[in-house]
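Note: the block below is work.pdb and it holds PDB, C-alpha atoms and all ligand atoms.
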ATOM      1  CA  MET A   1     -85.977  -9.278 -15.772  1.00  0.00           C
ATOM      2  CA  LYS A   2     -85.241  -8.186 -12.238  1.00  0.00           C
ATOM      3  CA  ASP A   3     -84.273  -4.587 -11.559  1.00  0.00           C
ATOM      4  CA  PHE A   4     -80.533  -5.105 -11.204  1.00  0.00           C
ATOM      5  CA  GLU A   5     -79.673  -1.573 -10.100  1.00  0.00           C
ATOM      6  CA  ASN A   6     -82.395  -1.502  -7.510  1.00  0.00           C
ATOM      7  CA  LEU A   7     -81.266  -4.860  -6.135  1.00  0.00           C
ATOM      8  CA  GLN A   8     -77.685  -3.589  -5.896  1.00  0.00           C
ATOM      9  CA  ARG A   9     -78.880  -0.653  -3.828  1.00  0.00           C
ATOM     10  CA  ILE A  10     -81.009  -2.831  -1.535  1.00  0.00           C
ATOM     11  CA  CYS A  11     -78.252  -5.424  -1.054  1.00  0.00           C
ATOM     12  CA  LEU A  12     -75.687  -2.773  -0.149  1.00  0.00           C
ATOM     13  CA  GLU A  13     -78.151  -1.210   2.291  1.00  0.00           C
ATOM     14  CA  GLU A  14     -78.812  -4.562   3.949  1.00  0.00           C
ATOM     15  CA  VAL A  15     -75.096  -5.279   4.291  1.00  0.00           C
ATOM     16  CA  ARG A  16     -74.464  -1.867   5.849  1.00  0.00           C
ATOM     17  CA  ALA A  17     -77.481  -2.198   8.139  1.00  0.00           C
ATOM     18  CA  ALA A  18     -75.916  -5.404   9.466  1.00  0.00           C
ATOM     19  CA  GLY A  19     -72.841  -3.402  10.466  1.00  0.00           C
ATOM     20  CA  ILE A  20     -70.656  -4.689   7.622  1.00  0.00           C
ATOM     21  CA  GLU A  21     -68.735  -2.242   5.438  1.00  0.00           C
ATOM     22  CA  PRO A  22     -68.698  -3.246   1.746  1.00  0.00           C
ATOM     23  CA  GLY A  23     -65.454  -2.796  -0.183  1.00  0.00           C
ATOM     24  CA  ASN A  24     -64.944  -0.294  -2.977  1.00  0.00           C
ATOM     25  CA  ILE A  25     -67.299  -1.736  -5.604  1.00  0.00           C
ATOM     26  CA  VAL A  26     -66.812   0.317  -8.752  1.00  0.00           C
ATOM     27  CA  LYS A  27     -68.697  -1.826 -11.236  1.00  0.00           C
ATOM     28  CA  TRP A  28     -71.499  -4.393 -11.469  1.00  0.00           C
ATOM     29  CA  THR A  29     -71.806  -6.466 -14.629  1.00  0.00           C
ATOM     30  CA  ILE A  30     -74.164  -9.116 -15.932  1.00  0.00           C
ATOM     31  CA  ASN A  31     -72.316 -12.193 -17.092  1.00  0.00           C
ATOM     32  CA  ARG A  32     -74.053 -13.958 -19.968  1.00  0.00           C
ATOM     33  CA  ARG A  33     -71.371 -16.524 -20.630  1.00  0.00           C
ATOM     34  CA  ALA A  34     -70.649 -18.098 -17.273  1.00  0.00           C
ATOM     35  CA  LYS A  35     -72.802 -21.159 -16.798  1.00  0.00           C
ATOM     36  CA  SER A  36     -70.920 -22.672 -13.934  1.00  0.00           C
ATOM     37  CA  ARG A  37     -70.919 -19.827 -11.464  1.00  0.00           C
ATOM     38  CA  TRP A  38     -73.532 -17.497 -10.072  1.00  0.00           C
ATOM     39  CA  GLY A  39     -71.291 -14.606  -9.289  1.00  0.00           C
ATOM     40  CA  LEU A  40     -67.758 -13.384  -9.088  1.00  0.00           C
ATOM     41  CA  CYS A  41     -65.978 -10.612  -7.240  1.00  0.00           C
ATOM     42  CA  ILE A  42     -62.832  -9.450  -8.967  1.00  0.00           C
ATOM     43  CA  ARG A  43     -60.454  -7.414  -6.873  1.00  0.00           C
ATOM     44  CA  HIS A  44     -58.209  -5.201  -8.954  1.00  0.00           C
ATOM     45  CA  ARG A  45     -54.690  -4.288  -7.966  1.00  0.00           C
ATOM     46  CA  ASN A  46     -55.774  -0.864  -6.706  1.00  0.00           C
ATOM     47  CA  GLY A  47     -58.323  -2.502  -4.390  1.00  0.00           C
ATOM     48  CA  ALA A  48     -61.371  -1.593  -6.478  1.00  0.00           C
ATOM     49  CA  CYS A  49     -63.826  -4.447  -6.937  1.00  0.00           C
ATOM     50  CA  GLU A  50     -65.977  -5.523  -9.837  1.00  0.00           C
ATOM     51  CA  ILE A  51     -68.901  -7.843  -9.238  1.00  0.00           C
ATOM     52  CA  GLN A  52     -70.289 -10.070 -11.954  1.00  0.00           C
ATOM     53  CA  ILE A  53     -73.679 -11.737 -11.643  1.00  0.00           C
ATOM     54  CA  ALA A  54     -74.866 -14.554 -13.928  1.00  0.00           C
ATOM     55  CA  SER A  55     -77.617 -13.360 -16.261  1.00  0.00           C
ATOM     56  CA  VAL A  56     -79.762 -16.406 -15.484  1.00  0.00           C
ATOM     57  CA  LEU A  57     -80.282 -15.176 -11.918  1.00  0.00           C
ATOM     58  CA  LEU A  58     -81.624 -11.852 -13.155  1.00  0.00           C
ATOM     59  CA  GLU A  59     -83.575 -13.092 -16.141  1.00  0.00           C
ATOM     60  CA  ASP A  60     -85.019 -16.467 -15.206  1.00  0.00           C
ATOM     61  CA  GLU A  61     -88.445 -16.135 -13.608  1.00  0.00           C
ATOM     62  CA  ARG A  62     -87.941 -19.314 -11.594  1.00  0.00           C
ATOM     63  CA  VAL A  63     -85.153 -17.652  -9.598  1.00  0.00           C
ATOM     64  CA  SER A  64     -86.648 -15.678  -6.735  1.00  0.00           C
ATOM     65  CA  GLU A  65     -85.473 -12.195  -5.930  1.00  0.00           C
ATOM     66  CA  ALA A  66     -84.161 -13.526  -2.608  1.00  0.00           C
ATOM     67  CA  ALA A  67     -82.103 -16.199  -4.373  1.00  0.00           C
ATOM     68  CA  CYS A  68     -80.639 -13.556  -6.650  1.00  0.00           C
ATOM     69  CA  LYS A  69     -79.836 -11.234  -3.743  1.00  0.00           C
ATOM     70  CA  ASP A  70     -78.251 -14.185  -1.949  1.00  0.00           C
ATOM     71  CA  THR A  71     -75.578 -14.327  -4.656  1.00  0.00           C
ATOM     72  CA  MET A  72     -75.208 -10.552  -4.896  1.00  0.00           C
ATOM     73  CA  ILE A  73     -74.559 -10.347  -1.166  1.00  0.00           C
ATOM     74  CA  HIS A  74     -72.258 -13.373  -1.318  1.00  0.00           C
ATOM     75  CA  GLU A  75     -70.126 -11.340  -3.746  1.00  0.00           C
ATOM     76  CA  ILE A  76     -70.423  -8.053  -1.829  1.00  0.00           C
ATOM     77  CA  LEU A  77     -68.993  -9.878   1.194  1.00  0.00           C
ATOM     78  CA  HIS A  78     -65.967 -10.877  -0.901  1.00  0.00           C
ATOM     79  CA  SER A  79     -65.336  -7.180  -1.547  1.00  0.00           C
ATOM     80  CA  CYS A  80     -65.040  -6.471   2.197  1.00  0.00           C
ATOM     81  CA  LYS A  81     -61.718  -6.098   3.918  1.00  0.00           C
ATOM     82  CA  GLY A  82     -60.491  -9.650   4.632  1.00  0.00           C
ATOM     83  CA  GLY A  83     -63.329 -11.096   2.545  1.00  0.00           C
ATOM     84  CA  ASN A  84     -61.220 -13.332   0.306  1.00  0.00           C
ATOM     85  CA  GLY A  85     -62.100 -17.028   0.310  1.00  0.00           C
ATOM     86  CA  HIS A  86     -64.954 -18.655   2.188  1.00  0.00           C
ATOM     87  CA  THR A  87     -63.534 -18.865   5.669  1.00  0.00           C
ATOM     88  CA  GLY A  88     -62.592 -16.259   8.261  1.00  0.00           C
ATOM     89  CA  LYS A  89     -64.176 -12.847   7.804  1.00  0.00           C
ATOM     90  CA  TRP A  90     -66.270 -13.837   4.805  1.00  0.00           C
ATOM     91  CA  LYS A  91     -67.837 -16.741   6.693  1.00  0.00           C
ATOM     92  CA  GLU A  92     -68.426 -14.580   9.731  1.00  0.00           C
ATOM     93  CA  TYR A  93     -70.215 -11.946   7.614  1.00  0.00           C
ATOM     94  CA  ALA A  94     -72.252 -14.581   5.747  1.00  0.00           C
ATOM     95  CA  GLU A  95     -73.505 -15.934   9.055  1.00  0.00           C
ATOM     96  CA  ILE A  96     -74.501 -12.451  10.207  1.00  0.00           C
ATOM     97  CA  MET A  97     -76.478 -11.891   6.973  1.00  0.00           C
ATOM     98  CA  ASN A  98     -78.090 -15.342   7.138  1.00  0.00           C
ATOM     99  CA  GLN A  99     -79.220 -14.786  10.691  1.00  0.00           C
ATOM    100  CA  LYS A 100     -80.432 -11.244  10.257  1.00  0.00           C
ATOM    101  CA  TYR A 101     -82.262 -11.677   6.944  1.00  0.00           C
ATOM    102  CA  GLY A 102     -82.787 -15.422   6.512  1.00  0.00           C
ATOM    103  CA  TYR A 103     -80.440 -15.820   3.557  1.00  0.00           C
ATOM    104  CA  HIS A 104     -78.682 -19.078   2.803  1.00  0.00           C
ATOM    105  CA  ILE A 105     -75.339 -17.631   1.841  1.00  0.00           C
ATOM    106  CA  LYS A 106     -72.698 -20.325   1.708  1.00  0.00           C
ATOM    107  CA  ARG A 107     -69.664 -21.419  -0.254  1.00  0.00           C
ATOM    108  CA  GLN A 108     -71.574 -23.092  -3.050  1.00  0.00           C
ATOM    109  CA  THR A 109     -75.220 -23.131  -4.037  1.00  0.00           C
ATOM    110  CA  SER A 110     -76.771 -25.656  -6.402  1.00  0.00           C
ATOM    111  CA  GLY A 111     -79.083 -24.899  -9.296  1.00  0.00           C
ATOM    112  CA  GLU A 112     -81.928 -26.566  -7.415  1.00  0.00           C
ATOM    113  CA  GLU A 113     -81.419 -24.213  -4.501  1.00  0.00           C
ATOM    114  CA  LYS A 114     -81.803 -21.296  -6.896  1.00  0.00           C
ATOM    115  CA  GLY A 115     -85.035 -22.758  -8.241  1.00  0.00           C
ATOM    116  CA  LEU A 116     -83.429 -24.100 -11.417  1.00  0.00           C
ATOM    117  CA  GLU A 117     -83.829 -27.808 -11.808  1.00  0.00           C
ATOM    118  CA  ASN A 118     -81.044 -29.754 -13.525  1.00  0.00           C
ATOM    119  CA  TYR A 119     -79.246 -26.521 -14.230  1.00  0.00           C
ATOM    120  CA  ARG A 120     -75.766 -27.646 -13.392  1.00  0.00           C
ATOM    121  CA  SER A 121     -75.894 -31.096 -14.953  1.00  0.00           C
ATOM    122  CA  LYS A 122     -76.843 -29.668 -18.328  1.00  0.00           C
ATOM    123  CA  SER A 123     -74.467 -26.828 -18.420  1.00  0.00           C
ATOM    124  CA  ASN A 124     -71.381 -27.632 -16.450  1.00  0.00           C
ATOM    125  CA  PRO A 125     -68.989 -29.729 -18.478  1.00  0.00           C
ATOM    126  CA  VAL A 126     -66.074 -27.920 -16.836  1.00  0.00           C
ATOM    127  CA  ARG A 127     -63.451 -30.318 -15.511  1.00  0.00           C
ATOM    128  CA  TYR A 128     -60.541 -28.075 -14.579  1.00  0.00           C
ATOM    129  CA  TYR A 129     -60.720 -25.252 -12.083  1.00  0.00           C
ATOM    130  CA  PHE A 130     -57.995 -22.783 -11.217  1.00  0.00           C
ATOM    131  CA  LYS A 131     -58.126 -19.954  -8.766  1.00  0.00           C
ATOM    132  CA  CYS A 132     -56.001 -16.823  -8.714  1.00  0.00           C
ATOM    133  CA  THR A 133     -54.142 -16.661  -5.426  1.00  0.00           C
ATOM    134  CA  GLY A 134     -54.424 -12.857  -5.538  1.00  0.00           C
ATOM    135  CA  CYS A 135     -57.887 -11.695  -6.538  1.00  0.00           C
ATOM    136  CA  GLY A 136     -59.701 -15.021  -6.428  1.00  0.00           C
ATOM    137  CA  GLN A 137     -60.640 -14.990 -10.090  1.00  0.00           C
ATOM    138  CA  MET A 138     -61.654 -18.479 -11.275  1.00  0.00           C
ATOM    139  CA  VAL A 139     -60.445 -19.874 -14.568  1.00  0.00           C
ATOM    140  CA  MET A 140     -62.327 -22.884 -15.864  1.00  0.00           C
ATOM    141  CA  ARG A 141     -61.469 -25.223 -18.692  1.00  0.00           C
ATOM    142  CA  LYS A 142     -63.526 -28.021 -20.168  1.00  0.00           C
ATOM    143  CA  ARG A 143     -60.576 -29.961 -21.534  1.00  0.00           C
ATOM    144  CA  LYS A 144     -56.825 -30.219 -21.318  1.00  0.00           C
ATOM    145  CA  CYS A 145     -54.901 -27.370 -22.910  1.00  0.00           C
ATOM    146  CA  ASP A 146     -51.691 -25.393 -22.422  1.00  0.00           C
ATOM    147  CA  PHE A 147     -53.245 -23.562 -19.531  1.00  0.00           C
ATOM    148  CA  THR A 148     -54.298 -26.715 -17.663  1.00  0.00           C
ATOM    149  CA  LYS A 149     -50.811 -28.185 -18.183  1.00  0.00           C
ATOM    150  CA  TYR A 150     -48.707 -25.111 -17.508  1.00  0.00           C
ATOM    151  CA  TYR A 151     -50.958 -22.984 -15.325  1.00  0.00           C
ATOM    152  CA  LYS A 152     -48.060 -22.366 -12.947  1.00  0.00           C
ATOM    153  CA  ARG A 153     -46.388 -20.256 -15.620  1.00  0.00           C
ATOM    154  CA  TYR A 154     -49.397 -17.987 -16.119  1.00  0.00           C
ATOM    155  CA  VAL A 155     -50.264 -14.849 -14.221  1.00  0.00           C
ATOM    156  CA  CYS A 156     -53.690 -13.372 -13.617  1.00  0.00           C
ATOM    157  CA  ALA A 157     -54.718 -10.649 -16.068  1.00  0.00           C
ATOM    158  CA  TYR A 158     -56.435  -8.725 -13.274  1.00  0.00           C
ATOM    159  CA  CYS A 159     -53.858  -8.758 -10.501  1.00  0.00           C
ATOM    160  CA  GLY A 160     -50.677 -10.375 -11.803  1.00  0.00           C
ATOM    161  CA  LYS A 161     -50.610 -13.195  -9.237  1.00  0.00           C
ATOM    162  CA  ARG A 162     -50.249 -16.943  -9.902  1.00  0.00           C
ATOM    163  CA  PHE A 163     -52.945 -19.601 -10.111  1.00  0.00           C
ATOM    164  CA  LYS A 164     -53.521 -22.699  -8.056  1.00  0.00           C
ATOM    165  CA  ARG A 165     -55.577 -25.689  -9.050  1.00  0.00           C
ATOM    166  CA  VAL A 166     -58.741 -26.293  -7.027  1.00  0.00           C
ATOM    167  CA  LYS A 167     -61.167 -29.206  -7.014  1.00  0.00           C
ATOM    168  CA  GLU A 168     -64.324 -27.214  -7.528  1.00  0.00           C
ATOM    169  CA  PRO A 169     -65.338 -23.578  -7.960  1.00  0.00           C
ATOM    170  CA  GLU A 170     -64.751 -21.423  -4.920  1.00  0.00           C
ATOM    171  CA  MET A 171     -66.921 -18.417  -5.619  1.00  0.00           C
TER     172      MET A 171
HETATM  173 ZN    ZN B 201     -55.870 -12.253  -9.872  1.00  0.00          ZN
HETATM  174 ZN    ZN B 202     -67.658 -16.824  -2.943  1.00  0.00          ZN
END

Since I need it in another form, could you write the structure as structure tokens?
Ligand SMILES: [Zn+2]
Ligand SMILES: [Zn+2]
Amino acid sequence: MKDFENLQRICLEEVRAAGIEPGNIVKWTINRRAKSRWGLCIRHRNGACEIQIASVLLEDERVSEAACKDTMIHEILHSCKGGNGHTGKWKEYAEIMNQKYGYHIKRQTSGEEKGLENYRSKSNPVRYYFKCTGCGQMVMRKRKCDFTKYYKRYVCAYCGKRFKRVKEPEM
């Protein structure tokens, strides 16, 4: 098990040392259920951010510390002002971090790139992806249900905004 708290501290230091100001991150959590995403940055209505990191990154010995930090920084960059989505400011910041520290921060990273062979194929039966247009929260469903049919009627539990359907996870 990697030292999660220590990694948080180091990642935040690296981001700041690159001249990037992280958002107001009030909570870090380990997500044991999500198999189809490495991390998530949830922006609450008051602007405070919560970052979730998949437990496999912290617990699996095959995942290097750098690969784990890659995701943590990916999510920290989402907490920054203007850091929603994977274009604009976020992309600009990711490029700065990649150049300065040799990370490979990008929109999506495969299991193989994290050192986990066949990770995704075994554990990603998700077919429907929805993204909150406010905080960016992803909702994933494996099969058709009321939510996949009527997602336009639902609002996000975190920020109250609507969802849009997306082809693949944007995290
Ligand atoms: Zn939301
Ligand atoms: Zn992302």

Residue nearest ligand ZN 201 (chain B) - candidates A:Thr109, A:Asn46, A:Ser36, A:Ser64, atoms counted: only C-alpha atoms and all ligand atoms: A:Asn46

Top pick for closest residue to ligand ZN 201 (chain B), considering A:Arg43, A:Arg32, A:Lys167, A:Lys144 and counting all atoms listed in the file: A:Arg43

Ground truth for the PyMOL selection byres (((not hetatm)) within 9 of (chain B and resi 201)), written as a PyMOL selection string: chain A and resi 42-45+131-138+155-163

Quick one: which chain A residues come within 12 Å of ligand ZN 202 (chain B), and what is the nearest atom pair for each with the distance in Å to one decimal, counting only C-alpha atoms and all ligand atoms, rows ordered by chain and ascending number, as CSV?
residue,atom,partner,partner_atom,distance
A:Arg37,CA,B:ZN202,ZN,9.6
A:Trp38,CA,B:ZN202,ZN,9.3
A:Gly39,CA,B:ZN202,ZN,7.6
A:Leu40,CA,B:ZN202,ZN,7.0
A:Cys41,CA,B:ZN202,ZN,7.7
A:Ile42,CA,B:ZN202,ZN,10.7
A:Ile51,CA,B:ZN202,ZN,11.0
A:Gln52,CA,B:ZN202,ZN,11.6
A:Ile53,CA,B:ZN202,ZN,11.7
A:Asp70,CA,B:ZN202,ZN,11.0
A:Thr71,CA,B:ZN202,ZN,8.5
A:Met72,CA,B:ZN202,ZN,10.0
A:Ile73,CA,B:ZN202,ZN,9.6
A:His74,CA,B:ZN202,ZN,6.0
A:Glu75,CA,B:ZN202,ZN,6.1
A:Ile76,CA,B:ZN202,ZN,9.3
A:Leu77,CA,B:ZN202,ZN,8.2
A:His78,CA,B:ZN202,ZN,6.5
A:Ser79,CA,B:ZN202,ZN,10.0
A:Cys80,CA,B:ZN202,ZN,11.9
A:Gly83,CA,B:ZN202,ZN,9.0
A:Asn84,CA,B:ZN202,ZN,8.0
A:Gly85,CA,B:ZN202,ZN,6.4
A:His86,CA,B:ZN202,ZN,6.1
A:Thr87,CA,B:ZN202,ZN,9.8
A:Lys89,CA,B:ZN202,ZN,12.0
A:Trp90,CA,B:ZN202,ZN,8.4
A:Lys91,CA,B:ZN202,ZN,9.6
A:Tyr93,CA,B:ZN202,ZN,11.9
A:Ala94,CA,B:ZN202,ZN,10.1
A:Ile105,CA,B:ZN202,ZN,9.1
A:Lys106,CA,B:ZN202,ZN,7.7
A:Arg107,CA,B:ZN202,ZN,5.7
A:Gln108,CA,B:ZN202,ZN,7.4
A:Thr109,CA,B:ZN202,ZN,9.9
A:Lys131,CA,B:ZN202,ZN,11.6
A:Cys135,CA,B:ZN202,ZN,11.6
A:Gly136,CA,B:ZN202,ZN,8.9
A:Gln137,CA,B:ZN202,ZN,10.2
A:Met138,CA,B:ZN202,ZN,10.4
A:Glu168,CA,B:ZN202,ZN,11.8
A:Pro169,CA,B:ZN202,ZN,8.7
A:Glu170,CA,B:ZN202,ZN,5.8
A:Met171,CA,B:ZN202,ZN,3.2

Residues selected by the PyMOL selection byres (((chain A and resi 1) around 10) and not hetatm), written as a PyMOL selection string: chain A and resi 2-4+55-61

Nearest-residue call for Pro125 (chain A), choices A:His104, A:Lys152, A:Lys35, A:Lys69, using all atoms listed in the file: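 The answer is A:Lys35, which sits nearest to Pro125 (chain A).
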
Straight-line distance linking CA of Gly82 (chain A) with CA of Gly23 (chain A), stated in Å to one decimal: 9.7 Å

Coordinates-based distance that separates CA of Trp28 (chain A) from CA of Asn98 (chain A) (Å, one decimal):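 Value for the CA of Asn98 (chain A)-CA of Trp28 (chain A) distance: 22.6 Å.
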